[in-house]
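Trainee: The structure's right below; bear with me while I get my questions together.
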Amino acid sequence: MVDLHAIQEDEFGQRIHAVLFPSSPIQSHEFLFGRDGQLDRIRRALMAPGRQVFIYGERGVGKSSLAGAAAAEVQSADAVPLHASCGSSSTFTGVIWNLIRATATEPAQATTVHNKRGIDGKGLTFARHTETSTQPTSEPLDIEDAANRLDSAFAAYSQRTVAVIDEFDLIPDIAERNKFAELIKALGDRKSNVKLIFTGVASALDELLESHGSAHRQLDTILLERLDYQPRLDIIKKALGAFDLDYDPSVIYRIASVSNGFPYYVHLLTEHLLWAWYGDPDAQQVSMSHLHGAFAKATDAVHADLRKPYDKAARGRDQAAIILWASADAFDLERTTDAIWASYTQICDTLEVAPLEKKKFQAQLRSLKDDSHGAILDGLPSRRLHFFREAMVRGYVRMAAACKNIELDDQTFDAPPQITAQASRMSARKRWMDTSRFVPNIRMGKGR
């Protein structure tokens, strides 16, 4: 058996990123857990001529990974799927032109071919010269031109060509985004074999469908939710299994819980867990002590745009961080004031910190919706509901709580707001899950 502690750091890193993908979309069904139903639906939807797919959902739920894995399944084996990433400078014409150029089926520059034909004799040459010029193609002129040239380019590129148009919502101009609805209609009318998979948020999809009523018929829309608990465990188990490592079961349950169903956090935490184990030469098993180190490193490694709202809200403000932890203390994305208050008082008890009076707590909770406090929360005042302005920031907040040894809930739901009967659903004190604690009845796989 190979001593993994003895191998070079770069080799260990390569092994990690062969099974974990915190920085890039997954491109293979092998590493995509919990999405079989959506993959089947995409594959069958794209069998229909002229039909396209739009995957939508919160940032961080794995839209790009699902699109990449689905494209790899549907794409014929004679080529790789095409990909276009949208951004703040993207336009309809630019995205379509990038896809056409990626097929390399249209000349990218002017070319001149010289042909010489004749008879070479002894010292004499009788020849005829001909010249053929090819002009470079230009960007599509309109919707019909775009549809025609996509049809031709995709057919010439491979037997069955699939393209992913990723982060569609980042195209800033609504008019530019709406042109894609016209394209979808044009491709549908001609029963085109062009296959497009879009990813984006729900608001961009709504705008797209509203801009052209007929687009509904040619577009299969797939809502992607956060991962269920078991697929989170499967991701971690597969990664640790690739290194043939033994582990404390509490470790993988803890990662699954803190991640709150966002694949990005599952991959990021497991990556840093493996590095923590690698940095402990005497370790025989992946333990909770390694996980503590992973929480700290992963929290520092999270994208700056996810950390910034939390840092702005919590820095220098009395108990703002605790209120944010309490807001993230459930699987629910929306929580009532009373549910957050119950979590808040329990966390204060764990930390042995005196809680604020309820009115002061409510005032701080409301202030977290203001720009001066990072505008990290939003809400529905009429229903006394609060939620994170961006759901993925919620995952970062849960990691920040874990760094302070605070265990937040993830497997139960709050009672609906209209129900007033109160029932205890959490222990009096929040603490680390240890090996002696009851382990939920979830498949663990053999040998673990």
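Just remember, in the structure tokens the first chain shown is A, the second B, etc., residues are 1-based per chain, and ligands are 1-based in the order shown.
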Show which residues sit within 12 Å of Arg307 (chain A), as a short mmCIF file (atom, residue, chain, number, x, y, z; two decimals) with N, CA, C and O atoms, in the first residue's frame. Count only C-alpha atoms, and ignore same-chain residues fewer than 3 positions away.
Mentor:
```
data_model
loop_
_atom_site.label_atom_id
_atom_site.label_comp_id
_atom_site.auth_asym_id
_atom_site.auth_seq_id
_atom_site.Cartn_x
_atom_site.Cartn_y
_atom_site.Cartn_z
N ALA A 298 -11.02 26.44 4.77
CA ALA A 298 -12.05 26.58 3.74
C ALA A 298 -12.75 27.93 3.84
O ALA A 298 -13.08 28.54 2.82
N THR A 299 -12.98 28.39 5.06
CA THR A 299 -13.62 29.70 5.25
C THR A 299 -12.77 30.81 4.65
O THR A 299 -13.29 31.74 4.02
N ASP A 300 -11.45 30.72 4.82
CA ASP A 300 -10.55 31.71 4.22
C ASP A 300 -10.52 31.60 2.70
O ASP A 300 -10.26 32.59 2.01
N ALA A 301 -10.77 30.39 2.18
CA ALA A 301 -10.65 30.16 0.73
C ALA A 301 -11.91 30.49 -0.05
O ALA A 301 -11.87 30.51 -1.28
N VAL A 302 -13.01 30.75 0.64
CA VAL A 302 -14.27 31.03 -0.04
C VAL A 302 -14.14 32.31 -0.86
O VAL A 302 -13.44 33.24 -0.48
N HIS A 303 -14.84 32.35 -1.99
CA HIS A 303 -14.79 33.52 -2.87
C HIS A 303 -15.06 34.80 -2.09
O HIS A 303 -15.93 34.85 -1.23
N ALA A 304 -14.32 35.85 -2.42
CA ALA A 304 -14.41 37.12 -1.70
C ALA A 304 -15.83 37.69 -1.74
O ALA A 304 -16.29 38.30 -0.76
N TYR A 310 -20.94 39.13 4.79
CA TYR A 310 -20.86 38.68 6.19
C TYR A 310 -19.87 39.53 6.97
O TYR A 310 -20.16 39.96 8.08
N ASP A 311 -18.71 39.79 6.39
CA ASP A 311 -17.70 40.60 7.08
C ASP A 311 -18.24 42.00 7.37
O ASP A 311 -18.04 42.55 8.46
N LYS A 312 -18.93 42.59 6.40
CA LYS A 312 -19.46 43.94 6.58
C LYS A 312 -20.55 43.96 7.64
O LYS A 312 -20.64 44.89 8.45
N ALA A 313 -21.38 42.92 7.68
CA ALA A 313 -22.48 42.87 8.64
C ALA A 313 -21.99 42.62 10.06
O ALA A 313 -22.52 43.19 11.02
N ALA A 314 -20.96 41.77 10.20
CA ALA A 314 -20.55 41.31 11.54
C ALA A 314 -19.46 42.15 12.17
O ALA A 314 -19.34 42.20 13.40
N ARG A 315 -18.64 42.81 11.36
CA ARG A 315 -17.47 43.49 11.90
C ARG A 315 -17.85 44.62 12.85
O ARG A 315 -18.54 45.57 12.48
N GLY A 374 -24.31 45.59 5.08
CA GLY A 374 -24.02 44.63 4.03
C GLY A 374 -25.24 44.13 3.28
O GLY A 374 -25.10 43.34 2.34
N ILE A 376 -27.22 41.89 3.90
CA ILE A 376 -27.04 40.44 3.79
C ILE A 376 -28.35 39.68 3.86
O ILE A 376 -28.49 38.60 3.30
N GLU A 390 -28.68 36.35 -0.86
CA GLU A 390 -28.15 35.32 -1.75
C GLU A 390 -27.98 34.04 -0.95
O GLU A 390 -27.28 34.02 0.06
N MET A 392 -26.37 31.34 -1.35
CA MET A 392 -25.04 30.75 -1.20
C MET A 392 -24.25 31.42 -0.08
O MET A 392 -23.39 30.80 0.53
N VAL A 393 -24.54 32.70 0.20
CA VAL A 393 -23.89 33.37 1.34
C VAL A 393 -24.29 32.67 2.64
O VAL A 393 -23.52 32.61 3.59
N ARG A 394 -25.49 32.12 2.66
CA ARG A 394 -25.97 31.38 3.82
C ARG A 394 -25.03 30.21 4.15
O ARG A 394 -24.76 29.93 5.32
N GLY A 395 -24.53 29.54 3.10
CA GLY A 395 -23.58 28.45 3.33
C GLY A 395 -22.30 28.94 3.96
O GLY A 395 -21.72 28.28 4.83
N TYR A 396 -21.84 30.12 3.54
CA TYR A 396 -20.63 30.69 4.16
C TYR A 396 -20.88 31.01 5.62
O TYR A 396 -20.01 30.77 6.48
N VAL A 397 -22.05 31.54 5.94
CA VAL A 397 -22.40 31.86 7.34
C VAL A 397 -22.36 30.59 8.19
O VAL A 397 -21.88 30.60 9.33
N ARG A 398 -22.84 29.49 7.65
CA ARG A 398 -22.82 28.23 8.40
C ARG A 398 -21.38 27.76 8.64
O ARG A 398 -21.07 27.20 9.69
N MET A 399 -20.50 27.99 7.66
CA MET A 399 -19.09 27.64 7.86
C MET A 399 -18.46 28.53 8.92
O MET A 399 -17.65 28.06 9.73
N ALA A 400 -18.82 29.81 8.93
CA ALA A 400 -18.29 30.72 9.94
C ALA A 400 -18.72 30.28 11.33
O ALA A 400 -17.94 30.35 12.30
#
```
Trainee: Tell me, as a list in words, which residues lie within 10 Å of Leu291 (chain A), counting only C-alpha atoms; anything in the same chain fewer than 3 positions away does not count.
Mentor: Ser250, Val251, Ile252, Arg254, Ile255, Leu269, Thr270, His272, Leu273, Leu274, Ala276, Trp277, Val286, Ser287, Met288, Ala294, Phe295, Ala296, Lys297, Ala402 and Cys403 of chain A
Trainee: Give the answer as one residue: which of A:Ile323, A:Lys369, A:Ala70, A:Ala242 has the shortest atom-to-atom distance to Pro355 (chain A), using only C-alpha atoms?
Mentor: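 Under the stated criterion, the closest residue is A:Ile323.
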Trainee: Pull the helix (DSSP H, G or I) assignments for region 205-330 of chain A out of DSSP run on the backbone, and list those residues as a PyMOL selection string.
Mentor: chain A and resi 205-211+215-218+229-242+249-259+263-278+288-301+304-314+320-327
Trainee: What lies within 12 Å of Gly279 (chain A) using only C-alpha atoms, ignoring chain neighbours under 3 positions off, as number ranges by chain?
Mentor: A: 4-9, 12, 272-276, 282-284, 286, 289-290, 293-294
